[in-house]
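S.K.: One file is attached below, structure_15.tsv, containing TSV, C-alpha atoms.
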chain	number	residue	atom	x	y	z
A	1	MET	CA	115.37	101.33	120.58
A	2	ALA	CA	111.85	101.56	119.24
A	3	CYS	CA	110.27	100.14	122.40
A	4	ILE	CA	112.21	101.98	125.05
A	5	SER	CA	113.07	105.70	124.96
A	6	PRO	CA	116.59	106.84	125.86
A	7	ASP	CA	115.22	107.90	129.27
A	8	GLY	CA	114.17	104.29	129.98
A	9	LYS	CA	110.44	104.89	129.55
A	10	PRO	CA	108.54	102.57	127.21
A	11	THR	CA	107.21	104.04	123.97
A	12	GLU	CA	103.56	103.51	123.04
A	13	SER	CA	104.33	100.25	121.22
A	14	GLY	CA	106.69	99.19	124.04
A	15	ALA	CA	103.93	99.75	126.61
A	16	LYS	CA	101.48	97.69	124.54
A	17	MET	CA	103.96	94.81	124.43
A	18	LEU	CA	104.74	95.04	128.15
A	19	ARG	CA	101.01	94.96	128.95
A	20	ALA	CA	100.50	91.95	126.67
A	21	LEU	CA	103.39	90.08	128.32
A	22	LYS	CA	102.20	91.09	131.80
A	23	ALA	CA	98.86	89.44	131.04
A	24	LYS	CA	100.51	86.25	129.76
A	25	ALA	CA	103.86	85.05	128.44
A	26	GLY	CA	103.54	84.46	124.73
A	27	SER	CA	105.15	83.96	121.34
A	28	ALA	CA	105.79	86.92	119.03
A	29	GLU	CA	102.60	86.03	117.13
A	30	GLU	CA	100.54	85.91	120.35
A	31	VAL	CA	101.96	89.23	121.57
A	32	ALA	CA	101.25	90.81	118.16
A	33	GLN	CA	97.65	89.65	118.34
A	34	LYS	CA	97.14	90.81	121.92
A	35	ALA	CA	98.95	94.14	121.48
A	36	ARG	CA	97.41	94.73	118.03
A	37	LEU	CA	100.78	95.45	116.51
A	38	PRO	CA	102.25	94.21	113.23
A	39	ILE	CA	104.38	91.08	113.67
A	40	PHE	CA	107.55	92.81	112.44
A	41	ARG	CA	107.18	95.49	115.12
A	42	VAL	CA	106.78	92.85	117.80
A	43	ARG	CA	109.75	90.73	116.69
A	44	SER	CA	111.92	93.85	116.57
A	45	GLY	CA	110.48	95.13	119.86
A	46	LEU	CA	111.02	91.83	121.69
A	47	ARG	CA	114.71	92.07	120.81
A	48	ASP	CA	114.72	95.58	122.31
A	49	LEU	CA	112.95	94.42	125.47
A	50	GLU	CA	115.38	91.51	125.80
A	51	GLN	CA	118.37	93.82	125.29
A	52	ALA	CA	117.01	96.17	127.97
A	53	GLY	CA	116.63	93.25	130.38
A	54	LEU	CA	112.85	93.60	130.46
A	55	ALA	CA	111.86	90.32	128.79
A	56	SER	CA	113.52	87.00	128.15
A	57	PRO	CA	112.84	84.13	125.77
A	58	LYS	CA	111.69	80.80	127.15
A	59	GLY	CA	111.40	78.29	124.33
A	60	ASP	CA	109.37	79.97	121.61
A	61	LYS	CA	107.67	82.31	124.10
A	62	TYR	CA	108.73	85.50	125.85
A	63	GLU	CA	108.11	86.41	129.47
A	64	LEU	CA	108.79	89.52	131.52
A	65	THR	CA	111.81	89.63	133.81
A	66	ALA	CA	111.39	91.02	137.34
A	67	LYS	CA	112.53	94.41	135.99
A	68	GLY	CA	110.03	94.18	133.12
A	69	ASP	CA	107.26	93.15	135.49
A	70	LYS	CA	107.96	96.17	137.71
A	71	LEU	CA	107.92	98.50	134.70
A	72	ALA	CA	104.67	96.96	133.42
A	73	ASP	CA	103.09	97.53	136.86
A	74	SER	CA	103.99	101.22	136.67
A	75	LEU	CA	102.18	101.75	133.36
A	76	PRO	CA	98.87	103.60	133.39
A	77	ALA	CA	95.96	101.20	132.78
B	1	MET	CA	151.28	99.33	91.94
B	2	GLU	CA	148.04	99.65	93.85
B	3	GLU	CA	145.79	96.63	93.61
B	4	VAL	CA	142.15	97.38	92.90
B	5	LYS	CA	139.70	94.80	94.18
B	6	GLU	CA	136.12	94.82	92.97
B	7	GLN	CA	133.50	92.79	94.74
B	8	VAL	CA	130.96	91.30	92.35
B	9	ILE	CA	127.52	91.18	93.92
B	10	SER	CA	124.88	89.16	92.17
B	11	LEU	CA	121.57	90.99	92.01
B	12	PRO	CA	118.41	89.46	93.41
B	13	ARG	CA	116.27	87.56	90.94
B	14	LEU	CA	112.66	86.44	90.90
B	15	GLY	CA	112.08	83.18	92.73
B	16	GLN	CA	115.22	83.53	94.87
B	17	PRO	CA	115.30	84.20	98.62
B	18	ALA	CA	115.39	87.94	99.34
B	19	PRO	CA	118.83	89.06	100.61
B	20	SER	CA	118.62	89.24	104.38
B	21	PHE	CA	119.45	92.47	106.20
B	22	GLU	CA	119.41	94.19	109.55
B	23	ALA	CA	118.81	97.91	109.19
B	24	VAL	CA	118.19	101.03	111.22
B	25	THR	CA	114.74	102.42	110.44
B	26	THR	CA	112.35	105.09	111.68
B	27	GLN	CA	110.69	102.34	113.74
B	28	GLY	CA	113.84	100.84	115.26
B	29	THR	CA	116.25	98.18	114.05
B	30	ILE	CA	114.49	95.76	111.75
B	31	LYS	CA	115.62	92.49	110.18
B	32	LEU	CA	114.14	91.05	107.01
B	33	GLU	CA	113.34	87.94	109.06
B	34	ASP	CA	110.99	90.03	111.21
B	35	TYR	CA	108.56	89.99	108.27
B	36	LYS	CA	108.35	86.17	108.00
B	37	GLY	CA	104.72	85.21	107.54
B	38	SER	CA	103.81	88.61	106.05
B	39	TRP	CA	104.26	89.80	102.49
B	40	LEU	CA	106.54	92.81	102.14
B	41	VAL	CA	106.85	95.63	99.63
B	42	LEU	CA	110.41	96.95	100.01
B	43	PHE	CA	110.82	100.14	98.01
B	44	SER	CA	113.56	102.70	97.58
B	45	HIS	CA	113.32	106.40	96.80
B	46	PRO	CA	116.10	108.77	95.70
B	47	ALA	CA	116.04	111.23	98.59
B	48	ASP	CA	113.96	112.79	101.35
B	49	PHE	CA	112.46	116.26	100.82
B	50	THR	CA	112.20	115.82	97.04
B	51	PRO	CA	108.98	116.41	95.11
B	52	VAL	CA	108.29	113.14	93.27
B	53	CYS	CA	109.25	111.08	96.35
B	54	THR	CA	106.88	113.11	98.49
B	55	THR	CA	103.96	112.37	96.14
B	56	GLU	CA	104.91	108.69	96.22
B	57	PHE	CA	105.10	108.53	100.02
B	58	ILE	CA	101.66	110.09	100.31
B	59	ALA	CA	100.39	107.55	97.77
B	60	PHE	CA	102.06	104.62	99.58
B	61	ALA	CA	100.54	105.79	102.88
B	62	LYS	CA	97.11	105.88	101.22
B	63	ILE	CA	97.31	102.29	99.89
B	64	TYR	CA	98.74	100.94	103.18
B	65	PRO	CA	95.32	99.97	104.64
B	66	GLU	CA	94.50	98.06	101.44
B	67	LEU	CA	97.87	96.31	101.60
B	68	GLN	CA	97.35	95.39	105.26
B	69	LYS	CA	94.04	93.72	104.34
B	70	ARG	CA	96.14	91.49	102.06
B	71	GLY	CA	98.73	90.72	104.76
B	72	VAL	CA	101.31	93.04	103.18
B	73	GLU	CA	103.69	95.43	104.97
B	74	LEU	CA	105.54	98.41	103.48
B	75	LEU	CA	109.20	99.28	104.07
B	76	GLY	CA	110.81	102.34	102.48
B	77	LEU	CA	114.53	103.00	101.97
B	78	SER	CA	116.87	105.75	100.92
B	79	VAL	CA	120.47	106.77	101.52
B	80	ASP	CA	119.44	109.37	104.12
B	81	SER	CA	119.71	109.44	107.91
B	82	VAL	CA	116.97	108.47	110.36
B	83	SER	CA	116.80	112.13	111.47
B	84	SER	CA	116.19	113.20	107.88
B	85	HIS	CA	113.49	110.53	107.42
B	86	ILE	CA	111.78	111.59	110.66
B	87	ALA	CA	111.92	115.29	109.74
B	88	TRP	CA	110.55	114.60	106.26
B	89	ALA	CA	107.73	112.33	107.52
B	90	ARG	CA	106.76	114.98	110.09
B	91	ASN	CA	106.83	117.68	107.42
B	92	VAL	CA	104.64	115.58	105.09
B	93	GLU	CA	102.14	115.07	107.92
B	94	GLU	CA	102.17	118.76	108.87
B	95	LYS	CA	101.72	120.02	105.31
B	96	THR	CA	99.41	117.34	103.87
B	97	LYS	CA	97.81	115.73	106.97
B	98	VAL	CA	98.99	112.32	105.73
B	99	LYS	CA	100.82	110.25	108.35
B	100	ILE	CA	103.56	107.92	107.12
B	101	PRO	CA	102.69	104.73	109.01
B	102	PHE	CA	105.44	102.40	107.78
B	103	PRO	CA	109.17	102.29	108.64
B	104	ILE	CA	111.87	103.80	106.40
B	105	ILE	CA	115.39	102.34	106.30
B	106	ALA	CA	118.26	104.80	106.77
B	107	ASP	CA	120.74	103.11	104.45
B	108	LEU	CA	123.66	105.47	104.96
B	109	ASN	CA	126.27	102.74	104.41
B	110	LYS	CA	124.34	101.54	101.29
B	111	GLU	CA	124.42	97.93	102.53
B	112	VAL	CA	120.79	97.15	101.74
B	113	SER	CA	120.65	99.20	98.54
B	114	THR	CA	123.77	97.45	97.23
B	115	ALA	CA	122.46	93.98	98.10
B	116	TYR	CA	119.22	94.75	96.24
B	117	GLY	CA	120.81	96.57	93.27
B	118	MET	CA	119.02	99.83	94.00
B	119	ILE	CA	121.82	102.16	92.90
B	120	HIS	CA	122.13	102.57	89.15
B	121	PRO	CA	125.17	104.76	88.42
B	122	GLY	CA	123.76	105.70	85.00
B	123	GLN	CA	120.95	107.47	86.87
B	124	SER	CA	122.78	108.57	90.02
B	125	LYS	CA	125.96	107.43	91.75
B	126	THR	CA	124.70	108.44	95.19
B	127	GLU	CA	120.92	108.03	95.19
B	128	THR	CA	118.76	104.93	94.89
B	129	VAL	CA	116.44	104.70	91.92
B	130	ARG	CA	112.74	103.93	92.44
B	131	CYS	CA	112.76	100.16	93.05
B	132	VAL	CA	109.94	97.95	94.25
B	133	PHE	CA	110.61	94.44	95.55
B	134	ILE	CA	107.54	92.35	96.33
B	135	ILE	CA	108.62	89.64	98.77
B	136	ASP	CA	106.23	86.87	99.76
B	137	ASP	CA	105.49	85.42	103.20
B	138	LYS	CA	108.29	82.87	102.73
B	139	GLN	CA	110.76	85.69	101.96
B	140	VAL	CA	111.06	84.83	98.26
B	141	ILE	CA	111.28	87.68	95.73
B	142	ARG	CA	108.16	87.56	93.56
B	143	THR	CA	108.33	90.86	91.65
B	144	ILE	CA	110.96	93.48	90.89
B	145	LEU	CA	110.06	96.87	89.40
B	146	TYR	CA	112.51	99.65	88.54
B	147	TYR	CA	111.40	103.18	87.74
B	148	PRO	CA	113.68	106.07	86.73
B	149	LEU	CA	114.28	109.03	89.01
B	150	THR	CA	111.83	111.21	87.09
B	151	THR	CA	108.82	108.86	87.04
B	152	GLY	CA	106.62	108.36	90.10
B	153	ARG	CA	105.29	104.85	90.69
B	154	ASN	CA	101.76	103.57	90.01
B	155	MET	CA	100.22	102.34	93.27
B	156	ASP	CA	97.30	100.60	91.54
B	157	GLU	CA	99.78	98.40	89.70
B	158	ILE	CA	101.54	97.42	92.93
B	159	VAL	CA	98.24	96.38	94.54
B	160	ARG	CA	97.18	94.64	91.31
B	161	ILE	CA	100.41	92.60	91.21
B	162	ILE	CA	99.92	91.51	94.83
B	163	ASP	CA	96.31	90.49	94.09
B	164	ALA	CA	97.52	88.55	91.05
B	165	LEU	CA	100.33	86.77	92.92
B	166	GLN	CA	98.10	85.84	95.85
B	167	THR	CA	95.40	84.60	93.44
B	168	THR	CA	98.02	82.49	91.65
B	169	ASP	CA	99.23	81.01	94.94
B	170	ALA	CA	95.73	80.25	96.20
B	171	ASN	CA	94.34	78.75	93.00
B	172	GLY	CA	97.24	77.48	90.87
B	173	VAL	CA	96.30	79.72	87.95
B	174	ALA	CA	97.88	82.58	85.98
B	175	THR	CA	96.38	85.99	85.29
B	176	PRO	CA	95.99	87.58	81.85
B	177	ALA	CA	96.94	91.07	80.69
B	178	ASN	CA	95.27	93.88	82.63
B	179	TRP	CA	93.69	91.34	85.00
B	180	ARG	CA	91.74	92.67	87.96
B	181	PRO	CA	90.22	90.70	90.86
B	182	GLY	CA	86.94	89.16	89.67
B	183	ASP	CA	88.11	88.80	86.05
B	184	LYS	CA	88.62	85.39	84.45
B	185	VAL	CA	91.95	83.70	85.14
B	186	VAL	CA	94.15	81.63	82.84
B	187	VAL	CA	94.24	77.86	83.30
B	188	PRO	CA	97.83	76.54	83.06
B	189	SER	CA	98.51	75.06	79.61
B	190	PRO	CA	98.66	71.26	79.34
B	191	ASN	CA	102.12	69.91	78.62
B	192	THR	CA	101.22	66.69	76.83
B	193	GLN	CA	99.37	66.01	73.57
B	194	GLU	CA	96.81	63.96	75.48
B	195	GLY	CA	96.30	66.86	77.89
B	196	ALA	CA	95.86	69.26	74.97
B	197	GLU	CA	93.13	67.08	73.46
B	198	GLU	CA	91.34	66.75	76.79
B	199	ARG	CA	91.61	70.43	77.64
B	200	LEU	CA	88.99	71.41	75.05
B	201	LYS	CA	86.49	69.03	76.67
B	202	GLU	CA	86.97	70.31	80.21
B	203	GLY	CA	84.37	73.07	80.06
B	204	TYR	CA	86.70	76.08	80.11
B	205	GLU	CA	86.33	79.07	77.79
B	206	CYS	CA	89.08	78.31	75.28
B	207	VAL	CA	90.49	80.16	72.30
B	208	ASP	CA	92.44	76.98	71.69
B	209	TRP	CA	94.00	74.26	73.88
B	210	TYR	CA	96.80	76.55	75.08
B	211	LEU	CA	94.63	79.55	76.02
B	212	CYS	CA	91.76	78.63	78.30
B	213	GLN	CA	90.20	80.83	80.95
B	214	LYS	CA	87.76	80.32	83.79
B	215	LYS	CA	85.95	82.30	86.45
B	216	LEU	CA	87.11	81.64	89.99
B	217	LYS	CA	84.38	80.54	92.42
Translate this file's structure into structure tokens.
M.R.:
Amino acid sequence: MACISPDGKPTESGAKMLRALKAKAGSAEEVAQKARLPIFRVRSGLRDLEQAGLASPKGDKYELTAKGDKLADSLPA
Amino acid sequence: MEEVKEQVISLPRLGQPAPSFEAVTTQGTIKLEDYKGSWLVLFSHPADFTPVCTTEFIAFAKIYPELQKRGVELLGLSVDSVSSHIAWARNVEEKTKVKIPFPIIADLNKEVSTAYGMIHPGQSKTETVRCVFIIDDKQVIRTILYYPLTTGRNMDEIVRIIDALQTTDANGVATPANWRPGDKVVVPSPNTQEGAEERLKEGYECVDWYLCQKKLK
């Protein structure tokens, strides 16, 4: 997974996406804008976060799960 | 008697939807659909750790900022593993100080290269030739370029084609030979006799009714 390392820690791009989602649930386009990542990285990364149980889709937006929220809280500011 | 079955795969053509794929890359698993809304230059190279490919990757990395300004992403491909791609990209950065910022598909099962017709057995039965597919923001193939194994690609031409295609889309015009941004563009030819007669009165610079050019504002 490009967003989450095998040891369960988020990669740099994963951390950017978690922070963006922690601030506000959003669509892939909104997360890309907030995290300053290319849209293809975000769409691919959101699949990774969903597969890892860290984010879930709600309509056309994504939001953090409780597990994702906890991980986002543990990230350095 | 053993039955031999051959699957006939039709190659992509201009104006058709790009064949969709899901592929393992140096930046995770990527689907073609992930690029919707962006333009994409999908290109193949014969193999990692080879000289011409290395010069091309450095050149692609150098035009990447210009492509991004135009809403274009880059995606490389070869029939090598992700580990090989990562090792090669790290080596290029270490030796030349150029970072490879775009993902590279590890097409070990040749699924993507077969769908896009990137393997030409007359050149190599195992390696992809140097292909360039320019795919627009609606995932339609707009340009296909093939280069032989021995000839490195011209980056200026790739950027020029994207400028030309985006100018065509934005203004409903065509672009003449050797066109560069800022040059005059070609006004589409009229398709009626009445239109041909009127064309010469419309204030364009015309050689004749079928070849008229104008400056874009």
S.K.: Excluding Ile105 of chain B and any residue of its chain fewer than 6 positions from it, enumerate the residues within 12 Å of it, using all atoms listed in the file, and give them as a PyMOL selection string.
M.R.: chain B and resi 21-32+42-45+47-48+74-86+111-113
S.K.: Please measure the separation of atom CA of Ser20 of chain B and atom CA of Ala35 of chain A, giving the value in Å to one decimal.
M.R.: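 Atom CA of Ala35 of chain A lies at a distance of 26.5 Å from atom CA of Ser20 of chain B.
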S.K.: Which of these, A:Pro6, A:Gly14, A:Gly59, A:Gly53, has the shortest distance to Leu37 of chain A once you count all atoms listed in the file?
M.R.: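 Looking at the shortest contact to Leu37 of chain A, the residue is A:Gly14.
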S.K.: Between B:Gly152, B:Pro101, B:Gly195, B:Pro188, which residue has the minimum interatomic distance to chain A, considering all atoms listed in the file?
M.R.: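 Of B:Gly152, B:Pro101, B:Gly195, B:Pro188, the one nearest chain A is B:Pro101, counting all atoms listed in the file.
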S.K.: With only C-alpha atoms as the basis for distance, which of B:Ser189, B:Gln139, B:Thr114, B:Thr55 is at the shortest distance from Gly172 of chain B?
M.R.: B:Ser189
S.K.: Take atom CA of Pro46 of chain B and atom CA of Arg43 of chain A and report the distance between them in Å, one decimal.
M.R.: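 Distance between the two atoms: 28.4 Å.
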S.K.: So which residues touch Ser10 of chain B within 9 Å, counting only C-alpha atoms, skipping near sequence neighbours fewer than 4 positions away, as number ranges by chain?
M.R.: B: 115-117
S.K.: For a test of reading the model, state the distance in Å between atom CA of Gly203 of chain B and atom CA of Trp179 of chain B, rounded to one decimal.
M.R.: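 Rounded to one decimal, the two atoms are 21.1 Å apart.
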S.K.: Using all atoms listed in the file, find the residues of chain A whose closest atom to chain B is at most 7 Å away, then write them as JSON, numbers by chain.
M.R.: {"A": [1, 2, 39, 40, 43, 44]}
S.K.: Got a sec: who's within 6 Å of Gly26 of chain A, counting all atoms listed in the file, leaving out chain neighbours fewer than 3 positions off, as a list in words?
M.R.: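 After dropping sequence-adjacent residues, the list is Glu30, Val31, Lys61 and Tyr62 of chain A.
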S.K.: List as a ChimeraX atom specification the protein and nucleic acid residues near Leu46 of chain A, meaning an atom at most 10 Å away when all atoms listed in the file are counted, but skip any in the same chain fewer than 2 places from it.
M.R.: /A:3,14,17-18,27-28,31,40-44,48-52,54-57,62-63
S.K.: Taking only C-alpha atoms into account, which of B:Ala174, B:Leu200, B:Leu216, B:Ile134 comes nearest Glu157 of chain B?
M.R.: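 Closest candidate: B:Ile134.
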S.K.: Pick from B:Ala61, B:Ala87, B:Leu14, B:Val72: nearest to Phe49 of chain B, with all atoms listed in the file counted?
M.R.: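 Checking each candidate against Phe49 of chain B, we get B:Ala87 as the closest.
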S.K.: Considering all atoms listed in the file, state which residue in the set A:Gly45, A:Leu64, A:Lys58, A:Asp73 is at the smallest distance from Thr11 of chain A.
M.R.: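 Going through A:Gly45, A:Leu64, A:Lys58, A:Asp73 one by one, the smallest distance to Thr11 of chain A is for A:Gly45.
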S.K.: Which polymer residues have any atom within 12 Å of an atom of Ala77 of chain A, counting all atoms listed in the file, with same-chain residues fewer than 5 positions away left out, as JSON, numbers by chain?
M.R.: {"A": [15, 16, 18, 19, 20, 22, 72]}
S.K.: Could you write out the selected residues, including C-alpha atoms, as an mmCIF file, keeping the file's coordinate frame?
M.R.:
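File produced: again-v5.cif:
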data_model
loop_
_atom_site.group_PDB
_atom_site.id
_atom_site.type_symbol
_atom_site.label_atom_id
_atom_site.label_comp_id
_atom_site.auth_asym_id
_atom_site.auth_seq_id
_atom_site.Cartn_x
_atom_site.Cartn_y
_atom_site.Cartn_z
ATOM 1 C CA ALA A 15 103.930 99.750 126.610
ATOM 2 C CA LYS A 16 101.480 97.690 124.540
ATOM 3 C CA LEU A 18 104.740 95.040 128.150
ATOM 4 C CA ARG A 19 101.010 94.960 128.950
ATOM 5 C CA ALA A 20 100.500 91.950 126.670
ATOM 6 C CA LYS A 22 102.200 91.090 131.800
ATOM 7 C CA ALA A 72 104.670 96.960 133.420
#
S.K.: Edge lengths and centre, in Å to one decimal, as JSON: that's what I need for the box along x, y and z that holds all listed atoms of segment 64-72 of chain A plus 6 Å on each side.
M.R.:
{"center_x": 108.6, "center_y": 94.0, "center_z": 134.6, "size_x": 19.9, "size_y": 21.0, "size_z": 18.2}
S.K.: Please write as a VMD selection string the list of polymer residues whose atoms come within 12 Å of (100.5, 96.9, 89.2), counting all atoms listed in the file and keeping to the coordinates of the file.
M.R.: chain B and resid 132 134 143 to 145 153 to 165 177 to 180
S.K.: Store the residues picked out above, limited to C-alpha atoms, as a compact mmCIF listing (two decimals), in the frame of the given file.
M.R.:
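Dumped to result.txt:
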# COMPACT_ATOMS: atom_id res chain seq x y z
CA VAL B 132 109.94 97.95 94.25
CA ILE B 134 107.54 92.35 96.33
CA THR B 143 108.33 90.86 91.65
CA ILE B 144 110.96 93.48 90.89
CA LEU B 145 110.06 96.87 89.40
CA ARG B 153 105.29 104.85 90.69
CA ASN B 154 101.76 103.57 90.01
CA MET B 155 100.22 102.34 93.27
CA ASP B 156 97.30 100.60 91.54
CA GLU B 157 99.78 98.40 89.70
CA ILE B 158 101.54 97.42 92.93
CA VAL B 159 98.24 96.38 94.54
CA ARG B 160 97.18 94.64 91.31
CA ILE B 161 100.41 92.60 91.21
CA ILE B 162 99.92 91.51 94.83
CA ASP B 163 96.31 90.49 94.09
CA ALA B 164 97.52 88.55 91.05
CA LEU B 165 100.33 86.77 92.92
CA ALA B 177 96.94 91.07 80.69
CA ASN B 178 95.27 93.88 82.63
CA TRP B 179 93.69 91.34 85.00
CA ARG B 180 91.74 92.67 87.96
